[in-house]
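In what follows, a structure is listed as structure tokens, so that the remarks can point back to it.
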2 protein chains.
Amino acid sequence: MKACGIVTEYNPFHNGHAYQIEQIRKNLPVDVVISVMSGNFLQRGEPAIVDKWTRTKMALAAGVDLVVELPVSSSTQSADFFAKGAIQILGDLKIDYLSFGVEEGLGKDFLNAAHWMVENESLISQKMSKFESVNVPYAKQMEELLNQLAPSFPLSLNSPNNQLGFAYAKEIVRQGLAEQVELFPIQRKAVRYDDPTLHEKISIASATAIRQAMLEGRQIEAYIPSESYGYLLEKMDQSVTWDDYFPYLKYQLFLQSESSLRNIYQMTEGLEYRLKQNIKDASSMEEFLEGIKTKRYTRTRLQRLLTYVLLQFSIEEVEKALAERPSIRLLGFNKIGQRYLNENRDQIQSPFISNINQETKDQLRMDILAGEIYTLGNKKIKKQDFTRHPIKFD
Amino acid sequence: MKACGIVTEYNPFHNGHAYQIEQIRKNLPVDVVISVMSGNFLQRGEPAIVDKWTRTKMALAAGVDLVVELPVSSSTQSADFFAKGAIQILGDLKIDYLSFGVEEGLGKDFLNAAHWMVENESLISQKMSKFESVNVPYAKQMEELLNQLAPSFPLSLNSPNNQLGFAYAKEIVRQGLAEQVELFPIQRKAVRYDDPTLHEKISIASATAIRQAMLEGRQIEAYIPSESYGYLLEKMDQSVTWDDYFPYLKYQLFLQSESSLRNIYQMTEGLEYRLKQNIKDASSMEEFLEGIKTKRYTRTRLQRLLTYVLLQFSIEEVEKALAERPSIRLLGFNKIGQRYLNENRDQIQSPFISNINQETKDQLRMDILAGEIYTLGNKKIKKQDFTRHPIKFD
């Protein structure tokens with residue numbers, strides 16, 4: 001069986017995601033579409049609007065055959081570490097194709113760019129280290145550097161989607177998967193990733209626009225495949241945003257001293273003082289972010305840091321998790337996905353976990369904790385790990 | 001100026017408390033009534049229904065002349081440590097009389113009982129240690145022991161008020177204040193301390209009954225002096241109960257491992273396992289307490305422990321605080337109280353703190369933290385320490 005992998009968050013699943021699956025099935029000779037999906041905390045350093053189980057059902061209902069979880073130690077990272085964990089899992093699941101949404105660029109462009117970058121890695125990190133004292137975000141620095149070093153670089157990196165796609169391509173090269181996995185970028189349709197509006201005449205909107213509409217109680221049905229929408233509708237009263245966790249963040253920041261905050265992953269350059277200082281008067285997440293922002297750090301970078309504070313992830317624990325092979329947690333599958341797993345299970349090297357119990361709980365400590373804390377955002381959210389079983393979709 | 005001290009919680013202030021002040025003024029030759037009052041977390045291991053500032057105003061409005069705060073390291077303790085901190089403060093404030101509400105017993109009975117107990121302390125603690133493996137609360141054990149050792153013991157100890165009064169008397173003796181301070185117990189009027197009902201024909205009800213009525217939105221005006229009631233009414237929408245902090249407790253218990261919980265003050269005999277096990281399915285404080293209770297521990301003992309978990313008070317920090325002289329934090333005063341302070345301030349040995357600022361904040365770290373966490377229970381509660389000044393009552 002031939003498999004195509006996709007790296008997803010589905011926050012929530014929408015017609016754009018359905019379009020990607022449709023394009024995969026139309027253009028590639030694949031039997032199975034495998035999604036590695038962020039769990040309850042996401043790449044932008046925020047909680048998912050609905051839990052991972054609901055998002056898994058939405059994906060299965062729209063034609064994904066197999067959904068596995070990207071561990072929280074990878075899912076809440078910037079592009080490179082996020083991509084590393086996702087590609088480790090998809091590589092281990094023996095995918096033949098990797099598809100991802102982009103603004104522009106062909107598979108060979110991504111691959112060539114990745115090869116060039118991986119070959120010149122030490123030169124680049126040397127050059128990048130010179131930027132360090134400057135108040136410029138990482139992506140911006142990289143762009144400038146590329147203009148200098150590789151004026152004919154085949155890829156534009158000025159959109160988050162292209163950056164992520166490029167990160168996947170680099171990991172494909174780094175992990176020695178370039179011979180085995182073919183890249184299949186799909187040009188995003190109709191709307192830009194950051195388009196905040198719901199267009200009346202087209203049925204594709206960004207996840208950002210859909211979430212916003214959801215929170216304001218506006219209609220979103222037109223932008224989501226109907227069966228998937230049904231699953232979302234069931235859990236609409238369980239949706240959460242960062243604001244639902246802000247009281248816990250505040251509590252944590254009251255409790256922790258500056259010196260204990262320095263043990264938190266990514267707490268760099270005196271940010272602990274800014275956090276302690278600004279939390280006292282902040283009455284919402286928005287206000288708090290406004291208070292702590294600096295030119296040096298993007299909002300997303302700060303949200304990730306605050307996610308680590310909320311979850312109390314230490315430098316030591318995250319670095320240990322990143323150095324190990326991620327566990328593969330099965331969230332859901334249909335018959336095709338099940339057949340694929342049966343055929344390939346013997347070749348999977350990572351720990352493969354279907355249920356959380358006394359035996360498996362230690363392997364997923366961080367994910368179980370993230371799930372427990374996620375439930376605190378809304379009283380209606382059910383337990384996320386213990387007592388849950390992968391969703392079997394007929 | 002002659003002073004009478006009282007140890008209080010005023011949760012909330014009511015006619016019974018006013019009656020105590022009236023009796024003091026009627027029967028003793030005193031110029032000033034000084035109240036050492038628990039701050040925002042109380043002796044039964046629970047948050048105060050309204051904050052310490054509101055309760056201070058209620059007390060001043062009803063004739064207390066000076067209100068100082070009992071630090072949280074003492075205010076959340078069982079009778080002996082609670083009394084120790086309170087009497088240290090009142091002793092340092094040079095009181096001439098100590099008044100307290102009792103079910104029965106005269107001043108000399110309390111004093112004689114206290115002398116006997118302090119003299120036989122080592123014998124008693126020896127005997128008490130033999131009880132340790134038995135599932136019987138401490139107070140019950142002490143009662144049995146007294147029946148054996150001192151059949152003519154002059155005091156009944158089977159009510160919390162008599163137990164507390166006895167604890168004060170012992171501290172008066174232990175701290176060498178017996179010559180200087182005269183005990184003035186006042187028999188409680190009309191209702192028992194644990195009477196849960198509001199009686200229609202009498203204007204005195206227990207604080208417990210008043211809190212219950214408050215939470216149910218019933219009328220309580222008849223049971224509180226009218227000016228004090230006005231201050232309570234202003235803050236009625238800021239009242240809290242343990243349930244308002246239960247989500248934070250749950251969050252904390254999700255985060256902490258059993259081994260880190262063992263550093264919490266009073267976490268004894270495997271209670272950490274019971275807490276971790278039972279928090280998973282508990283959806284309210286009541287349900288949680290029900291799940292963790294054992295014969296060995298009273299509900300109050302468990303509530304205190306959970307207060308320490310909520311506030312993350314370690315064994316080391318609490319024991320250090322208990323070994324030091326408590327700081328005296330000024331909460332409010334009228335002209336008489338101010339005059340008394342002016343006359344006596346030079347003789348006060350403990351750190352005397354009127355305002356929290358960069359210089360004084362380290363001395364009251366635990367209290368400031370308790371105040372910050374207290375504000376998380378209700379969005380309307382204002383900052384408790386920084387930016388606050390003692391209430392000047394005309």
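Residue numbers start at 1 in each chain; chains themselves are named A, B, ... in the order of the structure tokens; ligands are numbered from 1 in the order shown.
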Considering only C-alpha atoms, extract the chain B residues located within 9 Å of chain A and return them as a ChimeraX atom specification.
/B:247-248,250-252,254-255,280,283,311-312,369,372-373,376,379,383
Write out as a ChimeraX atom specification which residues come within 6 Å of region 85-96 of chain A when counting only C-alpha atoms, dropping same-chain ones fewer than 5 positions away.
/A:3-5,74,181,348
Could you list, as a PyMOL selection string, every residue within 8 Å of Met1 (chain A), counting only C-alpha atoms and ignoring same-chain residues fewer than 3 positions away? chain A and resi 30-32+340
Kindly export the residues of the current selection with N, CA and C atoms, as a PDB file, in the first residue's frame.
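Wrote part.pdb, looks like this:
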```pdb
ATOM      1  N   VAL A  30      -1.878   6.919  -4.327  1.00  0.00           N
ATOM      2  CA  VAL A  30      -1.802   6.491  -2.927  1.00  0.00           C
ATOM      3  C   VAL A  30      -3.069   5.777  -2.474  1.00  0.00           C
ATOM      4  N   ASP A  31      -2.886   4.834  -1.549  1.00  0.00           N
ATOM      5  CA  ASP A  31      -4.001   4.073  -0.979  1.00  0.00           C
ATOM      6  C   ASP A  31      -4.457   4.664   0.343  1.00  0.00           C
ATOM      7  N   VAL A  32      -3.518   5.350   1.005  1.00  0.00           N
ATOM      8  CA  VAL A  32      -3.817   5.752   2.374  1.00  0.00           C
ATOM      9  C   VAL A  32      -3.243   7.147   2.649  1.00  0.00           C
ATOM     10  N   TYR A 340      -3.403  -0.677   6.687  1.00  0.00           N
ATOM     11  CA  TYR A 340      -2.040  -0.162   6.507  1.00  0.00           C
ATOM     12  C   TYR A 340      -1.202  -0.414   7.763  1.00  0.00           C
TER      13      TYR A 340
END
```
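Neighbouring residues of Thr387 (chain A) at 9 Å or closer, counting only C-alpha atoms and skipping chain neighbours under 3 positions away, are A:Asn355, A:Ile356, A:Asn357, A:Lys383, A:Gln384.
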